[in-house]
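Q: Submitted below is the structure of interest, expressed as C-alpha cells.
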Amino acid sequence: MDAQGRGRADDIDPADQWVLNPNTGDYELRLQASAPQSAVPGPRSRGAAGAAAPPRGRTAPGREREGSPGRTPEPAVPGPRRRRAPQEPPPGRRKGRPKKSRGKKVLIWTGGTLAFLLVGTSSAGYLYWKHLNGNITSVSDDGAGTGGFSKDRAINVLLVGTDKRTGDGNDGYGDSDSPGHADTTVLLHVSKDRTNATAMSIPRDLITDIPDCPTEQEDGSTKVIPGTPNTRFNESLGQEGRTPSCTMRTVTALTGIKMDHFMIADFNAVKTLTSAVDGVDVCLAKDIDDKDSKLKLSKGEHTIEGEEALAFVRTRHSVGFGGDLSRIQIQQQFLSSLMRKLKSNDTLTSPTKLLKLAEAGTEALTVDSKISSITKLRDLGMELGKFPTKNLSFTTVPVADNPTEKVKATVVLQEAKAKEMFALIKDDVSLTAVKQEKKKEKAAEAARLKGSKADPAEVRVRVLNGGAVAGSAQEMLNWLQLEEGVTKSENAGNAGATLKKTTVEYAPDQADQARRLADLMGLSGSAMKPGKSVTNSQGLPAITLTLGEDFKGAGVSLTTPSTAPGDVEKSTADKVECAK
C-alpha cells in the first residue's frame, strides 16, 4: 500500500479497472497515471522474471517485433485498446462526427442459459482471448453433428449435465465408480429467424435404443462402440467408453433432429457459474429439507449459488412426485432464472462479472471440437443471444411410466405426442406466440394457394426424389396416377441436390396445376416455388415436384402447423415460477 493506504498494485482486481465506454461498446482499461498497471488475467509478454512487458513499439531482449521475419503474428481480435486523448482539430478543420453508440451490441453478446453463457463468455473473451482459449476443453463429435452451425438456418445444440465426479468437494455426489452418465440433457433449438427458441428436456430414465457409435480414441484411431437396444437414455454417455458424440447420435435416432454442437457440464459448472453472477434467484412453494441432495431452504424466494445451487438442481425427493420428471421441472426453473440474471443490466454492465463468467464458462464446459476457440464460441453466442426471454420455451419429451414395470423406475415415449413435438422442432415452429417479422413473405406464400385449380387430368408433372427414402418417386407416381387421376405424370429419377422440404416449381401459366398438386398433397404455400417450366420426356411443358426429406409417404399431408398445439406442456423463461 502507498502512504495513503490505497492498496498495493498486486491487490487490485483487474476486472475493476475495465470500464464500459458507452460511445464505443468496448471495455477500456482506466488507470491513474501514477498507478502501476495490473495485468488482465491471461497471457502477456514478459521479459525477465517479474518484469513487465516492454512498451509498445519496443522489442524485449531476445524477442522479435510483430511482423518481423521468423515470427507468425497473432490473429487480430477486436477488443479493448488504449485510446489517445482527444486533440483539438487544426484551425479551419471540422471535428469528426461522433461515432454512433455501439453499447447495444453488449446486449447481443450476453444472454442465455447454460449454452447462452457463451455469450457472456465471448464478450469478456475479447479482453484476454488467448488465456481463455487455453481453458477450453474439446472433444470430437466423431461426425455425429452437422459440421457446425450456420447463420442462415436454425441451430440445434445439445446441453448435457453429467454426474461424473470431478474436482474438489464433490465426493458426496454421483457414482464414485462410474465414468458418468447423461444425467441432465436438453436439446436447445434456436429458430432460423432467431426470434424464439425451444429447450426440450430428455429424461435420463427414458427407455430408448443407443445406436452403434464410431468414436475417436486417444491414439487417433476410430473404434465402433456397439449400440444397446431398449436401455436407459443416460447410458449414452460415459458407459462402455461412450463420448458425447454417442449422446448426439442417440438424440438424432430418437428425435430425427441432427445436432450442430454439444456442451457438457459437470457438478463444478453449476457451482462456479452461479457464483460468477453472484447467485441465481429461485422460488419455493414449500419448505424443502432433502437429505439426499443436501438442500435445505424455506418456502419463498432465495438467491442461491455454489453448493446450494448444485443441491437445488439435484433435488427431486422433496418436489413434485419425487422422481426425475419433477427434478427436470426444477432444473428448468433454475435455467430460466439463470438466463434472466445473465440478461440483466446488473450482469451486462459489470466487467467483474463478465470476467468471472469468462473464466468459469471456459473452465467448466466441455465442447465439441467445431467450437473449440473463443472466436467460434463468440460467433455462436451472438446467435444464441438474439431472442427475448419471453420467447424461450422449456418443455419435456412426452413420456409415460413404463408399463412393463411393477415398480416404476423408467419411462417410455408417448409416441403420438412425442412425434408431434419432434416435428414442431424440426419444422421450426415456436411454442410461444411469436410475432412474425416476415408478414409480407408469409402473406405472399399463402396467396400462392389461392386461385383456380386445374383438373387432375390436366396436371403435367415430373416427380424427382430429392432426399426422400429410396423408391419414393415411384410410390408417389403410382399414387398420383392410380388414386388421384394425375395421369400426365412421370418418374424423373433423382434430383441433383438434397432438399429438406418438398417443393413444387412452376411457371406463371402453370399456377393452376401447381395449386391442384398442392391441394392433393397437403402442401403449404412455402412449398410453392414460382419459377420456370421444364420439358417432360414427351417434349411437353411440365411442373416439377421434388420430394424432400420431409416426405412421409404418398397421401400423407405435408402441411406444417404454424403454431404449437394448445395442450403442449411448457414454461417460458421470462416468468418466475415457484417449485412445488
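Letters for chains follow the order of the C-alpha cells (A, B, ...), residue numbers begin at 1 for each chain, and ligand numbers begin at 1 in the order shown.
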Which polymer residues have any atom within 10 Å of an atom of A:Pro229, counting only C-alpha atoms, with same-chain residues fewer than 2 positions away left out, as a list of chain:residue names?
A: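 Listed by chain and then number, they are A:Ile207, A:Thr208, A:Asp209, A:Ile210, A:Pro211, A:Asp212, A:Pro226, A:Gly227, A:Thr231, A:Arg232.
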Q: Pick from A:Ala423, A:Leu357, A:Ala527, A:Met521: nearest to A:Leu499, with only C-alpha atoms counted?
A: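 For A:Leu499, the nearest of the candidates is A:Ala527.
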Q: May I ask for the distance between atom CA of A:Ser201 and atom CA of A:Val397, given in Å to one decimal place?
A: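 Atom CA of A:Val397 lies 6.2 Å from atom CA of A:Ser201.
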Q: So that I can see what lies close to stretch 264-266 of chain A, please list as number ranges by chain the residues with an atom at most 10 Å from it, counting only C-alpha atoms and leaving out residues fewer than 4 positions away in the same chain.
A: A: 114-115, 137-139, 158-167, 180, 182-185, 244, 270-271, 361, 363-368
Q: Which polymer residues have any atom within 10 Å of an atom of A:Lys151, counting only C-alpha atoms, with same-chain residues fewer than 6 positions away left out, as a list in words?
A: Lys192, Asp193, Arg194, Asp379, Leu380 and Glu383 of chain A
Q: Out of stretch 258-497 of chain A, which residues get strand (DSSP E or B) from DSSP, as a PyMOL selection string?
A: chain A and resi 261-265+280-284+288-290+295-297+300-304+365-368+392-396+399-401+411-413+461-465+489-494
Q: Store the residues picked out above in a file with N, CA and C atoms, as a CSV table (one decimal), in the first residue's frame.
A:
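And here's selection.csv as it stands now:
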```csv
chain,number,residue,atom,x,y,z
A,261,HIS,N,-24.0,-28.8,-32.4
A,261,HIS,CA,-22.9,-28.8,-31.4
A,261,HIS,C,-23.4,-29.5,-30.1
A,262,PHE,N,-22.4,-29.8,-29.2
A,262,PHE,CA,-22.8,-30.2,-27.9
A,262,PHE,C,-21.9,-29.4,-26.9
A,263,MET,N,-22.4,-29.3,-25.6
A,263,MET,CA,-21.7,-28.7,-24.5
A,263,MET,C,-22.0,-29.6,-23.3
A,264,ILE,N,-20.9,-29.9,-22.6
A,264,ILE,CA,-21.1,-30.8,-21.4
A,264,ILE,C,-20.6,-30.1,-20.2
A,265,ALA,N,-21.4,-30.2,-19.1
A,265,ALA,CA,-21.1,-29.6,-17.8
A,265,ALA,C,-21.1,-30.6,-16.7
A,280,VAL,N,-28.3,-16.9,-8.2
A,280,VAL,CA,-29.5,-17.0,-9.1
A,280,VAL,C,-30.7,-17.0,-8.2
A,281,ASP,N,-31.7,-16.3,-8.6
A,281,ASP,CA,-33.0,-16.2,-7.8
A,281,ASP,C,-33.9,-17.4,-8.1
A,282,VAL,N,-34.4,-18.1,-7.0
A,282,VAL,CA,-35.3,-19.2,-7.2
A,282,VAL,C,-36.5,-19.0,-6.2
A,283,CYS,N,-37.5,-19.7,-6.4
A,283,CYS,CA,-38.7,-19.6,-5.6
A,283,CYS,C,-39.2,-21.0,-5.2
A,284,LEU,N,-39.6,-21.2,-4.0
A,284,LEU,CA,-40.2,-22.5,-3.5
A,284,LEU,C,-41.6,-22.3,-2.9
A,288,ILE,N,-38.2,-27.1,2.0
A,288,ILE,CA,-37.6,-28.3,1.5
A,288,ILE,C,-36.4,-28.6,2.4
A,289,ASP,N,-36.3,-29.9,2.8
A,289,ASP,CA,-35.2,-30.4,3.6
A,289,ASP,C,-34.9,-31.8,3.0
A,290,ASP,N,-34.1,-31.8,1.9
A,290,ASP,CA,-33.7,-33.0,1.2
A,290,ASP,C,-32.3,-33.5,1.6
A,295,LEU,N,-30.2,-30.1,0.2
A,295,LEU,CA,-30.9,-28.9,0.0
A,295,LEU,C,-31.8,-28.6,1.2
A,296,LYS,N,-31.6,-27.5,1.9
A,296,LYS,CA,-32.5,-27.1,3.0
A,296,LYS,C,-32.8,-25.6,2.8
A,297,LEU,N,-34.0,-25.4,2.3
A,297,LEU,CA,-34.5,-24.0,2.1
A,297,LEU,C,-35.9,-23.9,2.6
A,300,GLY,N,-40.6,-19.7,-0.2
A,300,GLY,CA,-40.4,-18.3,-0.6
A,300,GLY,C,-39.2,-18.2,-1.5
A,301,GLU,N,-38.7,-17.0,-1.7
A,301,GLU,CA,-37.7,-16.6,-2.7
A,301,GLU,C,-36.3,-16.6,-2.0
A,302,HIS,N,-35.4,-17.1,-2.8
A,302,HIS,CA,-34.0,-17.2,-2.3
A,302,HIS,C,-33.0,-16.9,-3.4
A,303,THR,N,-31.8,-16.4,-3.1
A,303,THR,CA,-30.7,-16.3,-4.0
A,303,THR,C,-29.7,-17.3,-3.7
A,304,ILE,N,-29.4,-18.2,-4.6
A,304,ILE,CA,-28.5,-19.3,-4.3
A,304,ILE,C,-27.3,-19.3,-5.3
A,365,LEU,N,-17.0,-25.9,-18.9
A,365,LEU,CA,-17.7,-26.6,-20.0
A,365,LEU,C,-16.7,-27.4,-20.9
A,366,THR,N,-17.2,-28.5,-21.4
A,366,THR,CA,-16.5,-29.3,-22.5
A,366,THR,C,-17.4,-29.1,-23.7
A,367,VAL,N,-16.8,-28.7,-24.8
A,367,VAL,CA,-17.5,-28.5,-26.1
A,367,VAL,C,-17.0,-29.4,-27.2
A,368,ASP,N,-17.7,-29.4,-28.3
A,368,ASP,CA,-17.2,-30.2,-29.4
A,368,ASP,C,-16.1,-29.4,-30.1
A,392,LEU,N,-38.4,-17.9,-25.1
A,392,LEU,CA,-37.7,-19.2,-24.9
A,392,LEU,C,-38.6,-20.1,-24.1
A,393,SER,N,-39.0,-21.2,-24.7
A,393,SER,CA,-39.9,-22.2,-24.1
A,393,SER,C,-39.2,-23.4,-23.6
A,394,PHE,N,-39.5,-23.8,-22.4
A,394,PHE,CA,-39.0,-25.0,-21.8
A,394,PHE,C,-40.1,-26.1,-21.9
A,395,THR,N,-39.7,-27.3,-22.3
A,395,THR,CA,-40.7,-28.4,-22.4
A,395,THR,C,-39.9,-29.7,-22.1
A,396,THR,N,-40.7,-30.8,-22.1
A,396,THR,CA,-40.1,-32.1,-21.8
A,396,THR,C,-40.6,-33.1,-22.8
A,399,VAL,N,-43.7,-38.4,-22.1
A,399,VAL,CA,-43.4,-39.7,-21.7
A,399,VAL,C,-44.5,-40.2,-20.8
A,400,ALA,N,-44.4,-41.6,-20.5
A,400,ALA,CA,-45.4,-42.2,-19.6
A,400,ALA,C,-44.6,-43.3,-18.9
A,401,ASP,N,-45.1,-43.7,-17.7
A,401,ASP,CA,-44.5,-44.8,-16.9
A,401,ASP,C,-44.3,-46.0,-17.8
A,411,VAL,N,-39.3,-44.6,-17.9
A,411,VAL,CA,-40.4,-44.1,-18.7
A,411,VAL,C,-40.2,-44.5,-20.2
A,412,VAL,N,-41.3,-44.4,-20.9
A,412,VAL,CA,-41.3,-44.7,-22.4
A,412,VAL,C,-42.0,-43.5,-23.1
A,413,LEU,N,-41.7,-43.4,-24.4
A,413,LEU,CA,-42.3,-42.3,-25.1
A,413,LEU,C,-43.9,-42.4,-25.2
A,461,VAL,N,-46.7,-33.3,-64.6
A,461,VAL,CA,-45.7,-33.2,-63.6
A,461,VAL,C,-44.6,-34.2,-63.7
A,462,ARG,N,-43.4,-33.8,-63.5
A,462,ARG,CA,-42.3,-34.7,-63.4
A,462,ARG,C,-41.9,-34.8,-61.9
A,463,VAL,N,-41.8,-36.1,-61.4
A,463,VAL,CA,-41.5,-36.3,-60.0
A,463,VAL,C,-40.1,-36.7,-59.8
A,464,LEU,N,-39.4,-36.0,-58.9
A,464,LEU,CA,-38.0,-36.2,-58.6
A,464,LEU,C,-37.8,-36.6,-57.1
A,465,ASN,N,-36.8,-37.4,-56.8
A,465,ASN,CA,-36.5,-37.7,-55.4
A,465,ASN,C,-35.3,-36.9,-55.0
A,489,SER,N,-48.2,-37.8,-65.5
A,489,SER,CA,-47.1,-37.7,-64.6
A,489,SER,C,-46.0,-38.7,-64.9
A,490,GLU,N,-44.8,-38.4,-64.5
A,490,GLU,CA,-43.7,-39.4,-64.8
A,490,GLU,C,-42.7,-39.3,-63.7
A,491,ASN,N,-41.9,-40.4,-63.6
A,491,ASN,CA,-40.8,-40.5,-62.6
A,491,ASN,C,-39.6,-40.1,-63.3
A,492,ALA,N,-39.0,-38.9,-62.8
A,492,ALA,CA,-37.8,-38.4,-63.4
A,492,ALA,C,-36.5,-38.7,-62.7
A,493,GLY,N,-36.6,-39.7,-61.7
A,493,GLY,CA,-35.4,-40.1,-61.1
A,493,GLY,C,-35.0,-39.3,-59.9
A,494,ASN,N,-33.7,-39.2,-59.6
A,494,ASN,CA,-33.1,-38.5,-58.5
A,494,ASN,C,-32.8,-37.1,-58.9
```
Q: Which residue gives the smallest distance to A:Pro398 among A:Thr228, A:Ser533, A:Thr255, A:Ser191, with only C-alpha atoms counted?
A: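 Among the listed residues, A:Thr255 lies closest to A:Pro398.
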Q: Write out as JSON, numbers by chain all residues of stretch 284-375 of chain A that backbone DSSP assigns to helix (DSSP H, G or I).
A: {"A": [306, 307, 308, 309, 310, 311, 312, 313, 314, 324, 325, 326, 327, 328, 329, 330, 331, 332, 333, 334, 335, 336, 337, 338, 339, 340, 341, 342, 345, 346, 347, 348, 351, 352, 353, 354, 355, 356, 357, 358, 359, 360, 361, 362, 363, 364, 369, 370, 371, 374, 375]}
Q: Could you name the residues that touch A:Lys532 at 12 Å or less, counting only C-alpha atoms, but leaving out those on the same chain fewer than 5 positions away, as a PyMOL selection string?
A: chain A and resi 504-511+541-544
Q: Suppose we keep N, CA and C atoms; can you now write the selection as a PDB file, in the first residue's frame?
A:
```pdb
ATOM      1  N   VAL A 504     -42.636 -27.587 -55.167  1.00  0.00           N
ATOM      2  CA  VAL A 504     -43.258 -27.643 -56.487  1.00  0.00           C
ATOM      3  C   VAL A 504     -42.829 -26.391 -57.240  1.00  0.00           C
ATOM      4  N   GLU A 505     -42.099 -26.566 -58.336  1.00  0.00           N
ATOM      5  CA  GLU A 505     -41.664 -25.427 -59.146  1.00  0.00           C
ATOM      6  C   GLU A 505     -42.511 -25.366 -60.409  1.00  0.00           C
ATOM      7  N   TYR A 506     -42.908 -24.144 -60.784  1.00  0.00           N
ATOM      8  CA  TYR A 506     -43.842 -23.998 -61.899  1.00  0.00           C
ATOM      9  C   TYR A 506     -43.688 -22.620 -62.542  1.00  0.00           C
ATOM     10  N   ALA A 507     -44.099 -22.514 -63.782  1.00  0.00           N
ATOM     11  CA  ALA A 507     -44.119 -21.236 -64.494  1.00  0.00           C
ATOM     12  C   ALA A 507     -45.427 -20.508 -64.183  1.00  0.00           C
ATOM     13  N   PRO A 508     -45.492 -19.192 -64.425  1.00  0.00           N
ATOM     14  CA  PRO A 508     -46.721 -18.427 -64.110  1.00  0.00           C
ATOM     15  C   PRO A 508     -47.978 -19.019 -64.741  1.00  0.00           C
ATOM     16  N   ASP A 509     -47.880 -19.517 -65.980  1.00  0.00           N
ATOM     17  CA  ASP A 509     -49.077 -20.046 -66.632  1.00  0.00           C
ATOM     18  C   ASP A 509     -49.428 -21.464 -66.181  1.00  0.00           C
ATOM     19  N   GLN A 510     -48.638 -22.001 -65.228  1.00  0.00           N
ATOM     20  CA  GLN A 510     -48.910 -23.344 -64.696  1.00  0.00           C
ATOM     21  C   GLN A 510     -49.365 -23.289 -63.231  1.00  0.00           C
ATOM     22  N   ALA A 511     -49.677 -22.088 -62.737  1.00  0.00           N
ATOM     23  CA  ALA A 511     -50.037 -21.923 -61.327  1.00  0.00           C
ATOM     24  C   ALA A 511     -51.261 -22.751 -60.957  1.00  0.00           C
ATOM     25  N   PRO A 541     -44.313 -29.068 -71.873  1.00  0.00           N
ATOM     26  CA  PRO A 541     -44.026 -28.326 -70.642  1.00  0.00           C
ATOM     27  C   PRO A 541     -44.670 -29.006 -69.422  1.00  0.00           C
ATOM     28  N   ALA A 542     -43.932 -29.028 -68.329  1.00  0.00           N
ATOM     29  CA  ALA A 542     -44.430 -29.690 -67.116  1.00  0.00           C
ATOM     30  C   ALA A 542     -43.934 -28.942 -65.880  1.00  0.00           C
ATOM     31  N   ILE A 543     -44.614 -29.157 -64.762  1.00  0.00           N
ATOM     32  CA  ILE A 543     -44.146 -28.623 -63.473  1.00  0.00           C
ATOM     33  C   ILE A 543     -43.264 -29.686 -62.828  1.00  0.00           C
ATOM     34  N   THR A 544     -42.495 -29.284 -61.829  1.00  0.00           N
ATOM     35  CA  THR A 544     -41.551 -30.203 -61.188  1.00  0.00           C
ATOM     36  C   THR A 544     -41.884 -30.383 -59.717  1.00  0.00           C
TER      37      THR A 544
END
```
